[in-house]
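The next block is my_file-v2.cif, given as mmCIF, C-alpha atoms.
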```
data_final
loop_
_atom_site.label_atom_id
_atom_site.label_comp_id
_atom_site.auth_asym_id
_atom_site.auth_seq_id
_atom_site.Cartn_x
_atom_site.Cartn_y
_atom_site.Cartn_z
CA MET A 1 18.10 72.03 42.19
CA ARG A 2 21.03 73.61 44.02
CA LYS A 3 24.33 71.95 44.79
CA VAL A 4 27.09 73.50 46.84
CA SER A 5 30.42 72.84 45.18
CA LEU A 6 34.12 73.54 45.62
CA VAL A 7 36.65 74.60 42.99
CA LEU A 8 39.77 72.55 42.32
CA LEU A 9 42.97 72.64 40.30
CA GLY A 10 45.58 69.90 39.93
CA ALA A 11 47.22 67.72 37.34
CA VAL A 12 46.65 64.00 37.00
CA PHE A 13 50.04 62.23 37.03
CA GLY A 14 48.84 59.02 38.65
CA ALA A 15 50.19 60.28 41.95
CA ALA A 16 48.15 59.57 45.05
CA THR A 17 47.25 63.17 45.70
CA ALA A 18 44.07 65.17 45.33
CA THR A 19 43.06 68.71 46.16
CA VAL A 20 40.01 70.88 46.69
CA ALA A 21 39.67 74.63 46.99
CA THR A 22 38.16 76.60 49.81
CA ASN A 23 35.99 78.95 47.81
CA THR A 24 32.44 77.89 46.91
CA ARG A 25 30.15 78.42 43.97
CA LEU A 26 26.57 77.48 43.29
CA ILE A 27 25.50 75.41 40.36
CA SER A 28 21.84 75.58 39.42
CA ALA A 29 21.19 74.11 36.03
CA VAL A 30 18.08 72.15 35.29
CA VAL A 31 17.78 71.23 31.65
CA ALA A 32 14.86 69.30 30.27
CA ALA A 33 16.11 66.06 28.78
CA PRO A 34 14.87 65.24 25.28
CA SER A 35 12.92 62.06 24.71
CA GLU A 36 15.95 60.40 23.11
CA THR A 37 17.84 60.84 26.38
CA TYR A 38 15.03 59.17 28.33
CA ARG A 39 15.08 56.25 25.88
CA SER A 40 18.82 55.89 26.44
CA LEU A 41 18.29 55.91 30.20
CA ASN A 42 15.77 53.12 29.74
CA LEU A 43 18.44 51.24 27.80
CA PHE A 44 20.84 51.71 30.71
CA GLY A 45 18.20 50.31 33.07
CA ASP A 46 17.68 47.28 30.84
CA VAL A 47 21.43 46.56 30.68
CA PHE A 48 21.77 47.01 34.43
CA GLU A 49 18.99 44.48 35.12
CA LYS A 50 20.46 41.97 32.64
CA VAL A 51 23.86 42.18 34.34
CA ARG A 52 22.27 41.76 37.78
CA SER A 53 20.25 38.73 36.75
CA ASP A 54 22.47 36.90 34.24
CA TYR A 55 26.12 37.66 35.03
CA VAL A 56 28.15 34.53 35.85
CA GLU A 57 28.59 35.68 39.46
CA ARG A 58 26.31 37.85 41.56
CA PRO A 59 27.59 41.42 41.14
CA ASN A 60 27.62 44.14 43.79
CA ASP A 61 24.82 46.55 42.81
CA GLN A 62 26.49 49.58 44.38
CA LYS A 63 29.77 48.83 42.65
CA LEU A 64 27.98 48.47 39.30
CA ILE A 65 26.37 51.88 39.68
CA GLU A 66 29.61 53.57 40.81
CA THR A 67 31.49 52.03 37.88
CA ALA A 68 28.84 53.23 35.44
CA ILE A 69 28.98 56.75 36.87
CA ASN A 70 32.76 56.82 36.72
CA GLY A 71 32.70 55.55 33.14
CA MET A 72 30.38 58.40 32.17
CA LEU A 73 32.66 60.98 33.78
CA THR A 74 36.02 59.63 32.59
CA GLY A 75 34.55 59.65 29.09
CA LEU A 76 34.32 63.43 29.31
CA ASP A 77 37.98 64.29 29.97
CA PRO A 78 40.95 62.93 31.98
CA HIS A 79 40.17 65.03 35.06
CA SER A 80 36.44 64.38 35.67
CA SER A 81 35.64 61.44 37.92
CA TYR A 82 33.46 60.06 40.69
CA MET A 83 34.87 59.81 44.20
CA ASP A 84 33.31 57.29 46.56
CA PRO A 85 32.95 58.40 50.20
CA LYS A 86 36.39 57.08 51.18
CA SER A 87 38.14 58.73 48.22
CA PHE A 88 36.38 61.98 49.05
CA ARG A 89 37.59 61.83 52.65
CA ASP A 90 41.13 60.99 51.50
CA MET A 91 41.11 63.99 49.18
CA GLN A 92 40.09 66.29 52.02
CA VAL A 93 42.90 64.88 54.18
CA GLN A 94 45.44 65.50 51.43
CA THR A 95 44.18 69.05 50.98
CA ARG A 96 44.81 69.79 54.64
CA GLY A 97 48.36 68.50 54.17
CA GLU A 98 48.41 66.16 57.20
CA PHE A 99 47.76 62.41 57.59
CA GLY A 100 49.12 59.25 59.18
CA GLY A 101 51.51 57.28 57.00
CA LEU A 102 55.06 56.73 55.78
CA GLY A 103 55.85 59.89 53.83
CA ILE A 104 56.15 58.59 50.26
CA GLU A 105 54.84 60.17 47.09
CA VAL A 106 53.96 57.35 44.70
CA THR A 107 52.70 56.84 41.19
CA GLN A 108 51.82 53.80 39.10
CA GLU A 109 53.54 52.79 35.88
CA ASP A 110 52.44 49.71 33.93
CA GLY A 111 50.66 48.36 36.99
CA VAL A 112 53.70 48.79 39.28
CA VAL A 113 53.70 51.12 42.30
CA LYS A 114 56.71 53.41 41.97
CA VAL A 115 58.19 55.86 44.48
CA VAL A 116 58.26 59.38 43.04
CA THR A 117 60.08 60.73 46.06
CA PRO A 118 60.30 60.14 49.80
CA ILE A 119 59.26 63.26 51.70
CA ASP A 120 62.09 64.79 53.71
CA ASP A 121 62.26 63.97 57.43
CA THR A 122 59.59 61.25 57.37
CA PRO A 123 59.73 57.54 58.31
CA ALA A 124 60.24 56.58 54.66
CA SER A 125 63.20 58.92 54.07
CA ARG A 126 64.82 57.93 57.38
CA ALA A 127 64.42 54.23 56.53
CA GLY A 128 66.23 54.68 53.22
CA ILE A 129 63.41 54.51 50.66
CA MET A 130 64.62 56.15 47.44
CA ALA A 131 63.02 57.80 44.41
CA GLY A 132 62.57 55.21 41.65
CA ASP A 133 62.10 52.26 44.03
CA LEU A 134 59.40 49.85 42.87
CA ILE A 135 57.15 48.64 45.71
CA SER A 136 56.51 44.99 44.93
CA ALA A 137 54.80 44.01 48.20
CA ILE A 138 53.20 45.60 51.27
CA ASP A 139 53.18 43.40 54.39
CA ASP A 140 54.16 40.49 52.11
CA GLU A 141 51.09 41.03 49.90
CA SER A 142 51.96 41.63 46.25
CA THR A 143 51.03 45.02 44.85
CA GLN A 144 50.45 43.48 41.44
CA GLY A 145 46.81 43.97 40.56
CA LEU A 146 46.24 46.64 43.21
CA SER A 147 45.07 50.06 42.17
CA LEU A 148 47.17 53.02 43.28
CA ASN A 149 44.56 54.00 45.87
CA GLN A 150 44.48 50.46 47.27
CA ALA A 151 48.25 50.45 47.65
CA VAL A 152 48.18 53.86 49.36
CA ASP A 153 45.45 52.65 51.73
CA LYS A 154 47.65 49.74 52.80
CA MET A 155 50.60 52.02 53.51
CA ARG A 156 48.55 54.48 55.53
CA GLY A 157 47.34 53.61 59.00
CA ALA A 158 47.37 54.43 62.69
CA ILE A 159 50.37 56.38 63.96
CA GLY A 160 52.83 54.07 65.74
CA THR A 161 51.94 50.93 63.77
CA ALA A 162 54.47 49.23 61.49
CA VAL A 163 54.33 48.20 57.85
CA LYS A 164 56.76 46.09 55.81
CA LEU A 165 57.67 47.22 52.30
CA THR A 166 59.43 45.03 49.76
CA VAL A 167 61.05 47.12 47.04
CA LEU A 168 62.96 46.46 43.82
CA ARG A 169 65.83 48.88 43.29
CA GLY A 170 67.92 49.81 40.27
CA ALA A 171 68.29 48.25 36.85
CA ALA A 172 69.09 44.87 38.42
CA LYS A 173 65.83 45.00 40.44
CA GLU A 174 67.68 44.20 43.66
CA THR A 175 65.17 43.18 46.36
CA ARG A 176 65.22 45.08 49.65
CA GLU A 177 62.89 44.96 52.66
CA PHE A 178 62.04 47.83 55.01
CA LYS A 179 60.02 47.72 58.22
CA ILE A 180 58.75 51.25 58.80
CA THR A 181 56.71 52.69 61.67
CA ARG A 182 53.93 55.04 60.61
CA ASP A 183 53.96 58.60 61.90
CA ARG A 184 52.04 61.84 61.44
CA ILE A 185 52.95 63.12 57.99
CA GLN A 186 52.79 66.84 57.43
CA ILE A 187 53.23 67.81 53.82
CA ARG A 188 55.54 70.82 53.75
CA ALA A 189 54.28 72.66 50.72
CA VAL A 190 57.00 75.32 51.00
CA ARG A 191 60.71 74.80 51.65
CA THR A 192 63.26 77.57 51.86
CA ARG A 193 66.98 78.18 52.04
CA LEU A 194 69.50 80.92 51.42
CA GLU A 195 71.13 80.68 48.01
CA GLY A 196 74.52 82.06 48.90
CA ASP A 197 74.02 85.00 51.23
CA ASP A 198 72.04 87.26 48.92
CA ILE A 199 69.16 85.28 47.35
CA GLY A 200 66.05 83.79 48.95
CA TYR A 201 65.15 80.37 47.50
CA ILE A 202 61.48 79.29 47.85
CA ARG A 203 60.50 75.79 46.73
CA ILE A 204 56.73 75.25 46.35
CA THR A 205 55.94 71.53 46.02
CA GLN A 206 52.13 71.80 45.89
CA PHE A 207 49.28 74.20 46.58
CA ASN A 208 47.51 73.01 49.74
CA GLU A 209 45.94 74.99 52.57
CA GLN A 210 49.37 75.81 54.01
CA THR A 211 51.06 77.13 50.86
CA PHE A 212 50.39 80.87 51.03
CA ASP A 213 51.24 81.03 54.74
CA GLY A 214 54.51 79.24 53.93
CA VAL A 215 55.39 81.70 51.17
CA LYS A 216 54.40 84.69 53.30
CA GLY A 217 56.58 83.43 56.14
CA ALA A 218 59.49 82.80 53.76
CA LEU A 219 59.36 86.34 52.39
CA ALA A 220 59.37 87.82 55.88
CA LYS A 221 62.21 85.52 56.96
CA PHE A 222 64.47 86.45 54.06
CA GLN A 223 63.75 90.16 54.46
CA SER A 224 64.88 89.96 58.09
CA GLU A 225 67.96 87.81 57.40
CA ILE A 226 69.40 89.41 54.25
CA PRO A 227 70.58 93.04 54.46
CA ALA A 228 68.59 95.19 52.04
CA ASP A 229 71.71 96.44 50.25
CA LYS A 230 72.88 92.85 49.55
CA PHE A 231 69.47 91.30 48.77
CA LYS A 232 69.44 90.33 45.06
CA GLY A 233 65.95 88.79 44.91
CA TYR A 234 63.97 85.55 45.02
CA ILE A 235 64.03 82.23 43.20
CA VAL A 236 60.58 80.60 43.24
CA ASP A 237 60.98 76.95 42.28
CA MET A 238 57.76 75.27 41.08
CA ARG A 239 59.35 72.49 39.03
CA ASN A 240 57.36 69.24 39.18
CA ASN A 241 54.62 70.97 41.19
CA PRO A 242 51.35 69.23 40.11
CA GLY A 243 49.06 72.02 41.29
CA GLY A 244 46.38 72.22 43.95
CA LEU A 245 44.12 74.90 45.32
CA LEU A 246 42.94 77.76 43.13
CA ASP A 247 42.67 80.23 46.01
CA GLN A 248 46.22 79.43 47.13
CA SER A 249 47.66 80.03 43.64
CA ILE A 250 45.88 83.39 43.57
CA ALA A 251 47.21 84.33 47.03
CA VAL A 252 50.78 83.32 46.13
CA SER A 253 50.62 85.36 42.91
CA ASN A 254 49.27 88.31 44.89
CA ALA A 255 52.32 88.12 47.20
CA PHE A 256 54.42 89.38 44.26
CA ILE A 257 51.87 91.55 42.40
CA GLU A 258 50.57 94.92 43.55
CA ARG A 259 47.55 95.28 41.26
CA GLY A 260 45.78 93.90 38.20
CA GLU A 261 44.21 90.62 37.17
CA ILE A 262 45.80 87.35 38.31
CA VAL A 263 43.62 84.80 36.52
CA SER A 264 40.14 84.40 35.05
CA THR A 265 37.99 81.29 34.77
CA ARG A 266 35.46 80.86 31.96
CA GLY A 267 32.78 78.20 31.88
CA ARG A 268 30.32 77.15 29.21
CA ASN A 269 28.15 80.23 29.76
CA ALA A 270 29.54 83.76 29.54
CA GLU A 271 27.88 84.80 32.81
CA GLU A 272 29.97 82.20 34.65
CA THR A 273 33.23 84.07 33.92
CA GLN A 274 35.07 85.01 37.10
CA ARG A 275 38.06 87.35 37.35
CA TYR A 276 40.45 87.35 40.29
CA ASN A 277 42.35 90.59 40.86
CA ALA A 278 45.31 91.38 43.07
CA ARG A 279 44.84 93.31 46.27
CA PRO A 280 47.32 96.12 47.05
CA GLY A 281 50.42 95.05 48.95
CA ASP A 282 53.47 93.45 47.32
CA LEU A 283 54.84 91.24 50.11
CA SER A 284 58.08 90.74 48.17
CA LYS A 285 58.80 94.49 48.37
CA GLY A 286 59.46 94.72 44.64
CA LYS A 287 62.60 92.57 44.72
CA PRO A 288 63.48 90.79 41.43
CA VAL A 289 61.96 87.33 41.00
CA VAL A 290 62.94 84.32 38.90
CA VAL A 291 60.45 81.46 38.60
CA LEU A 292 61.62 77.93 37.71
CA ILE A 293 59.19 75.61 35.88
CA ASN A 294 59.43 72.40 33.83
CA GLY A 295 57.29 69.73 32.22
CA GLY A 296 56.01 68.63 35.61
CA SER A 297 54.71 72.09 36.58
CA ALA A 298 50.95 72.03 36.19
CA SER A 299 47.69 73.82 36.87
CA ALA A 300 47.97 76.03 39.96
CA SER A 301 51.72 76.41 39.42
CA GLU A 302 51.01 77.45 35.81
CA ILE A 303 48.58 80.10 37.10
CA VAL A 304 51.33 81.64 39.24
CA ALA A 305 53.95 81.45 36.47
CA GLY A 306 51.53 82.86 33.88
CA ALA A 307 50.43 85.75 36.11
CA LEU A 308 53.98 86.78 37.01
CA GLN A 309 55.07 86.43 33.38
CA ASP A 310 52.19 88.52 31.99
CA HIS A 311 52.75 91.24 34.58
CA LYS A 312 56.49 91.13 33.77
CA ARG A 313 57.02 90.65 37.48
CA ALA A 314 59.30 87.63 37.07
CA THR A 315 61.60 85.99 34.55
CA ILE A 316 60.53 82.41 33.84
CA ILE A 317 63.39 79.92 33.41
CA GLY A 318 63.25 76.20 32.63
CA THR A 319 61.20 74.18 30.15
CA ARG A 320 57.59 74.38 28.96
CA SER A 321 55.02 73.49 31.62
CA PHE A 322 52.49 70.63 31.58
CA GLY A 323 49.53 72.50 30.07
CA LYS A 324 46.61 71.74 32.38
CA GLY A 325 44.36 74.74 31.92
CA SER A 326 41.05 73.45 33.26
CA VAL A 327 39.21 73.90 36.55
CA GLN A 328 37.49 71.05 38.37
CA THR A 329 34.57 71.60 40.73
CA ILE A 330 34.05 69.16 43.59
CA ILE A 331 30.30 68.63 44.09
CA PRO A 332 29.37 66.69 47.26
CA LEU A 333 26.58 64.22 46.54
CA GLY A 334 25.09 64.03 50.02
CA GLN A 335 26.00 62.04 53.11
CA ASN A 336 27.77 58.76 52.37
CA ASN A 337 27.48 59.27 48.58
CA GLY A 338 30.94 60.68 47.87
CA ALA A 339 31.44 63.54 45.44
CA LEU A 340 31.58 64.43 41.78
CA ARG A 341 34.77 65.90 40.36
CA LEU A 342 33.64 67.75 37.25
CA THR A 343 35.52 69.97 34.81
CA THR A 344 33.51 73.21 34.78
CA ALA A 345 35.79 75.90 33.33
CA ARG A 346 39.07 76.80 31.68
CA TYR A 347 41.41 79.31 33.22
CA TYR A 348 43.22 82.15 31.44
CA THR A 349 46.27 84.23 32.29
CA PRO A 350 45.91 88.04 32.66
CA SER A 351 46.70 88.56 28.96
CA GLY A 352 43.94 86.13 27.98
CA ARG A 353 46.12 83.10 27.20
CA SER A 354 44.62 79.65 27.63
CA ILE A 355 47.26 77.28 28.99
CA GLN A 356 45.19 74.19 28.15
CA ALA A 357 47.27 71.65 26.19
CA LYS A 358 49.89 74.34 25.49
CA GLY A 359 51.52 75.21 28.78
CA ILE A 360 53.67 78.18 29.77
CA ASP A 361 56.74 78.76 27.61
CA PRO A 362 59.65 80.01 29.73
CA ASP A 363 61.30 83.32 28.90
CA ILE A 364 64.63 81.47 28.93
CA GLN A 365 64.56 77.78 28.05
CA ILE A 366 67.37 75.81 29.67
CA LEU A 367 67.69 72.04 29.38
CA GLN A 368 69.32 69.96 32.10
CA ASP A 369 72.09 67.45 31.47
CA VAL A 370 70.37 64.09 31.95
CA PRO A 371 72.24 60.93 33.09
CA ASP A 372 72.40 58.23 30.41
CA GLU A 373 70.29 55.82 32.47
CA LEU A 374 67.43 58.36 32.62
CA LYS A 375 67.47 59.53 29.02
CA GLY A 376 64.10 58.95 27.39
CA ARG A 377 62.41 58.98 30.80
CA ASP A 378 63.24 62.56 31.78
CA SER A 379 60.18 64.23 30.22
CA THR A 380 56.42 64.40 30.79
CA LYS A 381 54.06 63.90 27.88
CA GLY A 382 51.89 66.81 28.99
CA GLU A 383 48.16 67.49 28.91
CA ALA A 384 48.03 67.32 25.11
CA SER A 385 48.92 63.62 25.22
CA LEU A 386 46.12 62.66 27.63
CA LYS A 387 43.27 60.76 26.00
CA GLY A 388 40.10 62.83 25.85
CA HIS A 389 41.74 66.09 26.92
CA LEU A 390 39.97 69.39 26.20
CA LYS A 391 41.13 70.61 22.80
CA ASN A 392 42.71 74.04 22.32
CA GLY A 393 43.18 74.79 18.63
CA GLU A 394 45.76 73.51 16.20
CA ASP A 395 48.94 74.52 18.00
CA GLU A 396 48.79 72.21 21.01
CA LYS A 397 52.16 71.26 22.43
CA SER A 398 53.34 67.99 23.93
CA GLY A 399 55.28 67.70 27.15
CA SER A 400 58.84 68.69 27.93
CA GLN A 401 61.79 67.87 30.13
CA ALA A 402 60.98 67.42 33.82
CA TYR A 403 64.33 66.26 35.21
CA VAL A 404 65.84 68.12 38.16
CA PRO A 405 69.37 67.03 39.20
CA PRO A 406 69.58 66.03 42.88
CA ASP A 407 72.97 67.76 43.04
CA VAL A 408 72.35 71.53 43.06
CA THR A 409 75.84 72.15 41.64
CA LYS A 410 74.63 70.45 38.43
CA ASP A 411 71.26 72.19 38.31
CA LYS A 412 71.71 74.41 35.24
CA GLN A 413 68.32 76.11 35.65
CA LEU A 414 68.98 77.04 39.28
CA ILE A 415 72.48 78.26 38.44
CA ALA A 416 71.11 80.41 35.61
CA ALA A 417 68.50 81.92 37.93
CA ALA A 418 71.18 82.92 40.44
CA GLU A 419 73.43 84.34 37.71
CA LEU A 420 70.56 86.45 36.37
CA LEU A 421 69.65 87.86 39.79
CA ARG A 422 73.27 88.65 40.62
CA GLY A 423 73.86 90.29 37.24
CA VAL A 424 76.60 87.82 36.31
CA LYS A 425 74.77 87.22 33.01
CA THR A 426 71.95 89.00 31.25
CA ALA A 427 68.84 87.26 29.96
CA ALA A 428 70.19 87.58 26.41
CA GLN A 429 73.49 85.94 27.39
CA LEU A 430 71.69 83.08 29.15
CA MET A 431 69.52 82.48 26.09
CA GLU A 432 72.61 82.36 23.87
CA VAL A 433 74.34 79.87 26.18
CA ALA A 434 71.17 77.76 26.32
CA LYS A 435 70.93 77.78 22.52
CA ASP A 436 74.53 76.58 22.19
CA SER A 437 73.93 73.84 24.78
CA SER A 438 70.87 72.63 22.88
CA LYS A 439 72.90 72.38 19.67
CA GLU A 440 75.57 70.37 21.47
CA ALA A 441 72.95 68.02 22.90
CA GLU A 442 71.44 67.45 19.44
CA ALA A 443 74.79 66.94 17.66
CA PRO A 444 75.27 63.22 18.61
CA LYS A 445 71.72 62.47 17.39
CA ALA A 446 72.47 64.06 14.02
CA ALA A 447 75.63 62.00 13.68
CA ASN A 448 73.88 58.65 14.21
#
```
For this file, produce the structure as structure tokens.
Amino acid sequence: MRKVSLVLLGAVFGAATATVATNTRLISAVVAAPSETYRSLNLFGDVFEKVRSDYVERPNDQKLIETAINGMLTGLDPHSSYMDPKSFRDMQVQTRGEFGGLGIEVTQEDGVVKVVTPIDDTPASRAGIMAGDLISAIDDESTQGLSLNQAVDKMRGAIGTAVKLTVLRGAAKETREFKITRDRIQIRAVRTRLEGDDIGYIRITQFNEQTFDGVKGALAKFQSEIPADKFKGYIVDMRNNPGGLLDQSIAVSNAFIERGEIVSTRGRNAEETQRYNARPGDLSKGKPVVVLINGGSASASEIVAGALQDHKRATIIGTRSFGKGSVQTIIPLGQNNGALRLTTARYYTPSGRSIQAKGIDPDIQILQDVPDELKGRDSTKGEASLKGHLKNGEDEKSGSQAYVPPDVTKDKQLIAAAELLRGVKTAAQLMEVAKDSSKEAEAPKAAN
């Protein structure tokens, strides 16, 4: 039996995003099931028939089967799952980075749909939707009881049509209503700006099909705009980047690395190990690089950070990353049957480190100053806290701070990156300042 499959990377934060890679692999594994397994399958058949015949209401047979399949997969680890045909199509749309909708990244907390961030220059951002808003109703229908995917489906639709959102804002849960017209949403995976007049700032929000082209274009743009004698280097910001396509993370790493291994993936069998090596041609022209990560940086972004760190090509600043070190393979199940998202391998940095449930430790750890109203909610719990996660020895590490100040003048990690590139402070000086700041932050706790 042969199944064509696609390789995937990406963290599960509850956000309505999914990704699939462009490279393919073949899976051909036929294992004879022992008699005990067949007896258990008979048990499943018996239970299925009892539910069909005796449940208080007539169940949907297809839904029963899909639920059973998903239960089997979610019992393996937090990242394996079954995608019905619609979910599979939605995932492919997200991977391309273009769809019809409002331009809101959302998550779900305690059954409530919450805005993670409105995407710049979209109907949602222009209407005034803000990060942290709770969406209580869509077209006057309560979101209570809706799954995240159901809520997203209601917000998406034909370009030019309108949707009404009722949101609760702030600690007082002030009710506000917005009527927003849907438009074509293009997810800009890469955003750039000049940091001063001597540093190129590259913000990578996710790894979709457009990411490497965006980074490549950014490097060329900065090299043409900044005189070579003034050009101090690049800041690559991957904070709160949940991941995405494996091939895109490899290509982005290769933009800064001339030679050597970028990442390896290792499955259950030794012969399934794959190594991905850099091709000659450093698109960054050897300029210094600082990479920013935090507790929300996961999977594909950890591959890039780990590769640049192991090759000593970049200085990593921020807080420990999420720790998702597994690879998912998307296996289509035939026409109108959806797809299987199955964890098939772990990935390793060039030095052989497994990031799973441990993350990438920055070279220079710098904590942000968090507003009082956000304290206690400024960190991610990380892969190690997810139920059923793949274990990785005794020294697993929980999550870390993921807060990024909206005001760049208060962004201590960004400021430190610029100071390092400009030679205002050395790495040792930054580490000493960060250590003193951590002691100051802990002092009030010790006094209580």
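Here CA of Arg275 (chain A) stands at a distance of 15.9 Å from CA of Glu258 (chain A).
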CA of Gln210 (chain A) sits from CA of Val93 (chain A) at a separation of 12.7 Å
Which residues fall under the PyMOL selection byres ((chain A and resi 382) around 7) in this file, as a ChimeraX atom specification? /A:295,322-323,380-381,383-385,398-399
Closest to Asn208 (chain A) among A:Pro118, A:Gly306, A:Gly325, A:Gly97, using all atoms listed in the file?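 Selected residue with least distance to Asn208 (chain A): A:Gly97.
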The PyMOL selection byres ((chain A and resi 348-360) around 8) resolved against shown file, as number ranges by chain: A: 261-266, 302-303, 305-307, 310-311, 320-326, 346-347, 361-362, 382-384, 389-392, 395-398
Apply the PyMOL selection byres ((chain A and resi 334-342) around 10) to the file shown and report the selected residues as an mmCIF file with C-alpha atoms, in the coordinates of the input.
```cif
data_model
loop_
_atom_site.group_PDB
_atom_site.id
_atom_site.type_symbol
_atom_site.label_atom_id
_atom_site.label_comp_id
_atom_site.auth_asym_id
_atom_site.auth_seq_id
_atom_site.Cartn_x
_atom_site.Cartn_y
_atom_site.Cartn_z
ATOM 1 C CA LYS A 3 24.330 71.950 44.790
ATOM 2 C CA SER A 5 30.420 72.840 45.180
ATOM 3 C CA LEU A 6 34.120 73.540 45.620
ATOM 4 C CA VAL A 7 36.650 74.600 42.990
ATOM 5 C CA LEU A 8 39.770 72.550 42.320
ATOM 6 C CA VAL A 20 40.010 70.880 46.690
ATOM 7 C CA GLU A 66 29.610 53.570 40.810
ATOM 8 C CA ILE A 69 28.980 56.750 36.870
ATOM 9 C CA ASN A 70 32.760 56.820 36.720
ATOM 10 C CA LEU A 73 32.660 60.980 33.780
ATOM 11 C CA THR A 74 36.020 59.630 32.590
ATOM 12 C CA LEU A 76 34.320 63.430 29.310
ATOM 13 C CA ASP A 77 37.980 64.290 29.970
ATOM 14 C CA HIS A 79 40.170 65.030 35.060
ATOM 15 C CA SER A 80 36.440 64.380 35.670
ATOM 16 C CA SER A 81 35.640 61.440 37.920
ATOM 17 C CA TYR A 82 33.460 60.060 40.690
ATOM 18 C CA MET A 83 34.870 59.810 44.200
ATOM 19 C CA ASP A 84 33.310 57.290 46.560
ATOM 20 C CA PRO A 85 32.950 58.400 50.200
ATOM 21 C CA LYS A 86 36.390 57.080 51.180
ATOM 22 C CA SER A 87 38.140 58.730 48.220
ATOM 23 C CA PHE A 88 36.380 61.980 49.050
ATOM 24 C CA ARG A 89 37.590 61.830 52.650
ATOM 25 C CA VAL A 327 39.210 73.900 36.550
ATOM 26 C CA GLN A 328 37.490 71.050 38.370
ATOM 27 C CA THR A 329 34.570 71.600 40.730
ATOM 28 C CA ILE A 330 34.050 69.160 43.590
ATOM 29 C CA ILE A 331 30.300 68.630 44.090
ATOM 30 C CA PRO A 332 29.370 66.690 47.260
ATOM 31 C CA LEU A 333 26.580 64.220 46.540
ATOM 32 C CA THR A 343 35.520 69.970 34.810
ATOM 33 C CA THR A 344 33.510 73.210 34.780
ATOM 34 C CA ALA A 345 35.790 75.900 33.330
#
```
For region 42-54 of chain A: contacts at 9 Å, all atoms listed in the file, fewer than 5 positions along chain excluded, given as a VMD selection string: chain A and resid 37 59 to 61 64 to 65
Distance query region 198-207 of chain A at most 9 Å, all atoms listed in the file, self and fewer than 4 positions along chain excluded, as a ChimeraX atom specification: /A:10,19,95,187-194,211-212,214-215,218-219,222-223,226-227,230-249,300-301,418,421-422
If you take all atoms listed in the file and a cut-off of 8 Å, which residues of region 266-364 of chain A touch region 410-416 of chain A, and what are their nearest atom pairs and distances in Å to one decimal, in chain and number order, as a tab-separated table?
```
residue	atom	partner	partner_atom	distance
A:Leu292	CA	A:Gln413	CA	7.2
A:Ile317	CA	A:Gln413	CA	6.6
A:Gly318	CA	A:Gln413	CA	5.9
```
So how many Å separate CA of Val113 (chain A) and CA of Ser125 (chain A), to one decimal? 17.0 Å
